[in-house]
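Written below as structure tokens is the structure these notes are about.
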Amino acid sequence: MIMPASFRSEAHEWPGDEKAVARFLGGDPTGFEQIVRHYSGMVYALAARLVGPWEAEEVVQETFLRAWRGLESFRGDASLKTWLYTIALNRARARQGTLARMRKVFSSPRTNAEDDQPWPGDEAPDPSASPEEQAVELEQRAILRKAIRNLPEEFRHAVVLRDLEGLSYDDIARVLNVPIGTVRSRIARGRAALVEELS
Amino acid sequence: MSANPQPRSFVTGDLDLLISRSLDGDLPGEEERELQSLLAADPAARARYEAMARVVGRLEELPDPEPPFAMSTRINSQLEDDTKGFTASLQRFGFYFRPATVGVIAAGIAAVTISYSVMSPPKPDATIAAVSEQAKAQPAAVPEDDGRVNAYFAEPERKKDGPAPARETSAAVPDAPAPAAARARSAAPLADALAEGRADDEKKLNRQEPTLVASSEASLAKNEDLAFAPERDAAFRAAAAPAPQAAGGLRAVASVQVVGPSTGTLRLAAPARLDGLSGPFEGSYRLDFDGAGRVTRVVRLAGGSGSEPSGLSERLKDLSFAPGEAARAAGTVDVKVRLP
């Protein structure tokens with residue numbers, strides 16, 4: 001639907017990283033609103049892949065709160081997306097740590113139910129496919145997601161950032177704060193582990 | 001040297017790394033050619049390559065999770081709530097305090113404040129200033145049925161420079177040790193009332209105590225010339241120095257107090273000079289005064305206790321009274337003299 005120009009809010013138009021940050025640092029809160037609108041979906045996708053869709057919104061919320069507090073110190077050396085991903089990854093780690101401690105306290109081990117059921121928003125890849133083919137595809141997705149979540153954390157983060165988020169090796173090195181050689185190694189070992197898991 | 005060199009063999013980890021980098025286009029040309037030679041010569045390596053390529057392909061095909069409805073709106077609203085206030089402003093400029101840190105800082109400030117207030121003795125100026133401020137804010141009136149008006153209190157061991165005018169005694173208060181001066185002020189009305197047997201109870205007087213002092217301070221502050229001011233409700237009190245400690249913890253002070261029917265119309269124009277007179281003594285006198293308020297005759301009335309110190313009558317003759325507008329003519333007044 002084409003929206004009349006008069007209905008378009010400035011907050012919904014993406015001016016680019018630099019202008020949005022400058023607007024926020026200049027005292028205009030719509031600058032940060034634009035950042036949230038533009039990046040929240042991406043951050044949510046990363047968070048969902050790291051902690052699952054049912055915890056992801058909390059991670060996104062915390063990520064943008066931290067970003068609001070720290071945007072003053074954002075230097076622009078990396079892209080805003082990379083910077084937000086760094087925060088989100090740390091928040092996801094913290095969230096998983098909290099959940100793990102809670103499970104330990106309440107003696108409730110993580111069940112496989114979350115991995116087996118389709119994620120919110122999952123839809124059939126090919127509407128023209130038969131229901132059986134669609135069911136198989138959804139099952140394959142669930143298996144793949146489960147395999148990813150069963151990876152050791154350091155490999156999982158590297159594989160998710162590379163193969164699911166499409167970040168370059170350099171950006172992954174920035175997000176994970178490790179040398180680029182370590183990134184290459186972690187990605188390779190993570191992929192190899194997935195091959196073993198899925199074969 | 002062979003024209004077709006044997007491909008280098010790799011351990012599994014190295015091969016996986018090469019395959020992974022190759023899939024990402026990260027291998028330099030020479031290493032890529034070396035890998036392709038190996039894959040052509042080694043079916044197992046080729047199978048490994050294809051398996052990893054399949055997994056990467058499947059990963060890339062995974063759809064992005066769909067964010068919940070209106071998530072960004074919720075986040076913006078929540079941010080608006082979370083980033084209000086002074087703390088949020090500090091955080092925006094890089095001062096981030098965890099709640100526990102804020103609690104520790106607040107507890108520290110409270111501990112320092114309490115320690116300071118406990119360890120430091122009160123300062124005289126601060127005490128008097130506080131009372132004066134109270135007086136300005138809430139001028140108080142002596143109750144109508146209180147006969148103890150127009151009385152001056154003088155210390156028994158006043159300096160030889162004679163009785164100071166009311167405002168001078170007020171100015172001298174800060175020079176005295178503050179707690180003692182404050183105690184003298186606070187105890188004076190109570191001692192009067194107990195001596196006269198007219199105190200309803202100590203609690204009532206204790207409640208009045210700061211009010212009376214405040215009234216005096218306020219009057220002194222407002223009125224430069226106090227000689228013939230006709231205010232009936234101004235209870236002049238000049239407790240300039242610490243008074244001797246009386247039995248029971250109350251401070252008794254030397255005083256000349258107007259009693260009888262003249263209490264509402266007359267008051268002393270200046271504090272009585274009672275320094276150097278030794279007590280304990282208490283007695284009542286009838287004083288005749290002329291049209292200017294000066295005492296012309298002193299007659300001791302019956303009653304009282306203790307022996308009259310010598311020189312008291314002469315001191316009483318030095319008194320002068322400030323009559324109210326309705327009583328400017330000469331007359332008679334009864335006073336009660338008390339020497340601790």
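Identifiers in this document derive from the order of the structure tokens: chains are assigned A, B, ..., residues are numbered from 1 separately in each chain, and ligands are numbered from 1 in order of occurrence.
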
Open item on the list: Residues of chain B were defined as contacting chain A if any atom lay at most 8 Å from it, counting only C-alpha atoms; please report them as a PyMOL selection string.
Closed with: chain B and resi 13+16-17+19-21+51-52+55-56+59-60+62-67+71-73+75-76+79+82+88+91-94+96

Any chance you can output those residues with N, CA and C atoms as a compact mmCIF listing (two decimals), in the first residue's frame?
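So the final result, stored in result.txt, reads:
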```
# COMPACT_ATOMS: atom_id res chain seq x y z
N GLY B 13 41.02 -31.98 10.63
CA GLY B 13 40.80 -30.60 11.06
C GLY B 13 41.27 -29.61 10.03
N ASP B 16 38.83 -29.68 7.08
CA ASP B 16 37.59 -28.96 7.39
C ASP B 16 37.80 -27.45 7.30
N LEU B 17 38.93 -27.00 7.82
CA LEU B 17 39.21 -25.56 7.79
C LEU B 17 39.32 -25.07 6.35
N ILE B 19 38.07 -26.53 3.66
CA ILE B 19 36.76 -26.61 3.01
C ILE B 19 35.88 -25.44 3.44
N SER B 20 35.87 -25.18 4.74
CA SER B 20 35.04 -24.10 5.27
C SER B 20 35.44 -22.76 4.66
N ARG B 21 36.73 -22.51 4.62
CA ARG B 21 37.20 -21.24 4.05
C ARG B 21 36.90 -21.18 2.56
N ALA B 51 29.29 -32.60 1.91
CA ALA B 51 28.45 -32.63 3.13
C ALA B 51 28.45 -31.26 3.81
N MET B 52 29.64 -30.69 3.89
CA MET B 52 29.70 -29.37 4.55
C MET B 52 28.98 -28.31 3.71
N VAL B 55 25.29 -28.59 4.40
CA VAL B 55 24.89 -28.01 5.70
C VAL B 55 24.87 -26.49 5.61
N VAL B 56 25.90 -25.92 5.00
CA VAL B 56 25.93 -24.45 4.90
C VAL B 56 24.73 -23.96 4.08
N LEU B 59 21.70 -24.09 6.22
CA LEU B 59 21.70 -23.00 7.21
C LEU B 59 21.26 -21.68 6.56
N GLU B 60 21.78 -21.45 5.40
CA GLU B 60 21.45 -20.18 4.73
C GLU B 60 19.99 -20.12 4.30
N LEU B 62 17.55 -21.30 6.08
CA LEU B 62 16.64 -21.15 7.24
C LEU B 62 16.03 -19.75 7.24
N PRO B 63 14.73 -19.65 7.33
CA PRO B 63 14.12 -18.31 7.30
C PRO B 63 14.42 -17.54 8.59
N ASP B 64 14.44 -16.23 8.46
CA ASP B 64 14.64 -15.40 9.65
C ASP B 64 13.42 -15.52 10.57
N PRO B 65 13.66 -15.63 11.85
CA PRO B 65 12.51 -15.64 12.77
C PRO B 65 11.73 -14.32 12.66
N GLU B 66 10.45 -14.44 12.66
CA GLU B 66 9.62 -13.24 12.52
C GLU B 66 9.42 -12.58 13.88
N PRO B 67 9.75 -11.31 13.99
CA PRO B 67 9.58 -10.65 15.30
C PRO B 67 8.11 -10.60 15.70
N MET B 71 6.75 -5.27 18.10
CA MET B 71 7.84 -5.36 19.07
C MET B 71 8.61 -4.03 19.18
N SER B 72 8.89 -3.43 18.04
CA SER B 72 9.69 -2.20 18.11
C SER B 72 8.93 -1.08 18.82
N THR B 73 7.61 -1.06 18.66
CA THR B 73 6.81 -0.05 19.37
C THR B 73 6.88 -0.30 20.87
N ILE B 75 9.25 -1.82 22.45
CA ILE B 75 10.60 -1.51 22.91
C ILE B 75 10.77 0.00 23.08
N ASN B 76 10.29 0.75 22.12
CA ASN B 76 10.42 2.20 22.24
C ASN B 76 9.65 2.74 23.44
N LEU B 79 11.57 1.78 26.51
CA LEU B 79 12.77 2.62 26.63
C LEU B 79 12.41 4.00 27.17
N ASP B 82 12.03 3.59 30.79
CA ASP B 82 13.26 3.24 31.50
C ASP B 82 14.29 4.35 31.49
N ALA B 88 18.73 8.16 34.65
CA ALA B 88 18.83 7.82 33.23
C ALA B 88 19.69 8.85 32.50
N GLN B 91 23.17 8.01 33.14
CA GLN B 91 23.56 6.83 32.39
C GLN B 91 23.83 7.18 30.94
N ARG B 92 23.04 8.08 30.41
CA ARG B 92 23.24 8.43 29.01
C ARG B 92 24.60 9.05 28.78
N PHE B 93 25.11 9.71 29.81
CA PHE B 93 26.42 10.33 29.66
C PHE B 93 27.53 9.46 30.25
N GLY B 94 27.24 8.20 30.37
CA GLY B 94 28.30 7.25 30.70
C GLY B 94 28.40 6.90 32.16
N TYR B 96 26.93 4.86 34.63
CA TYR B 96 25.95 3.80 34.83
C TYR B 96 26.18 3.17 36.19
```

Task: Which of range 30-152 of chain A fall in alpha helix (DSSP H), as a PyMOL selection string - done: chain A and resi 30-51+53-70+80-105+113-116+131-149

Task: For CA of Arg74 in chain B and CA of Leu176 in chain A, the interatomic separation in Å (one decimal) - done: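 Between CA of Arg74 in chain B and CA of Leu176 in chain A the gap is 28.4 Å.
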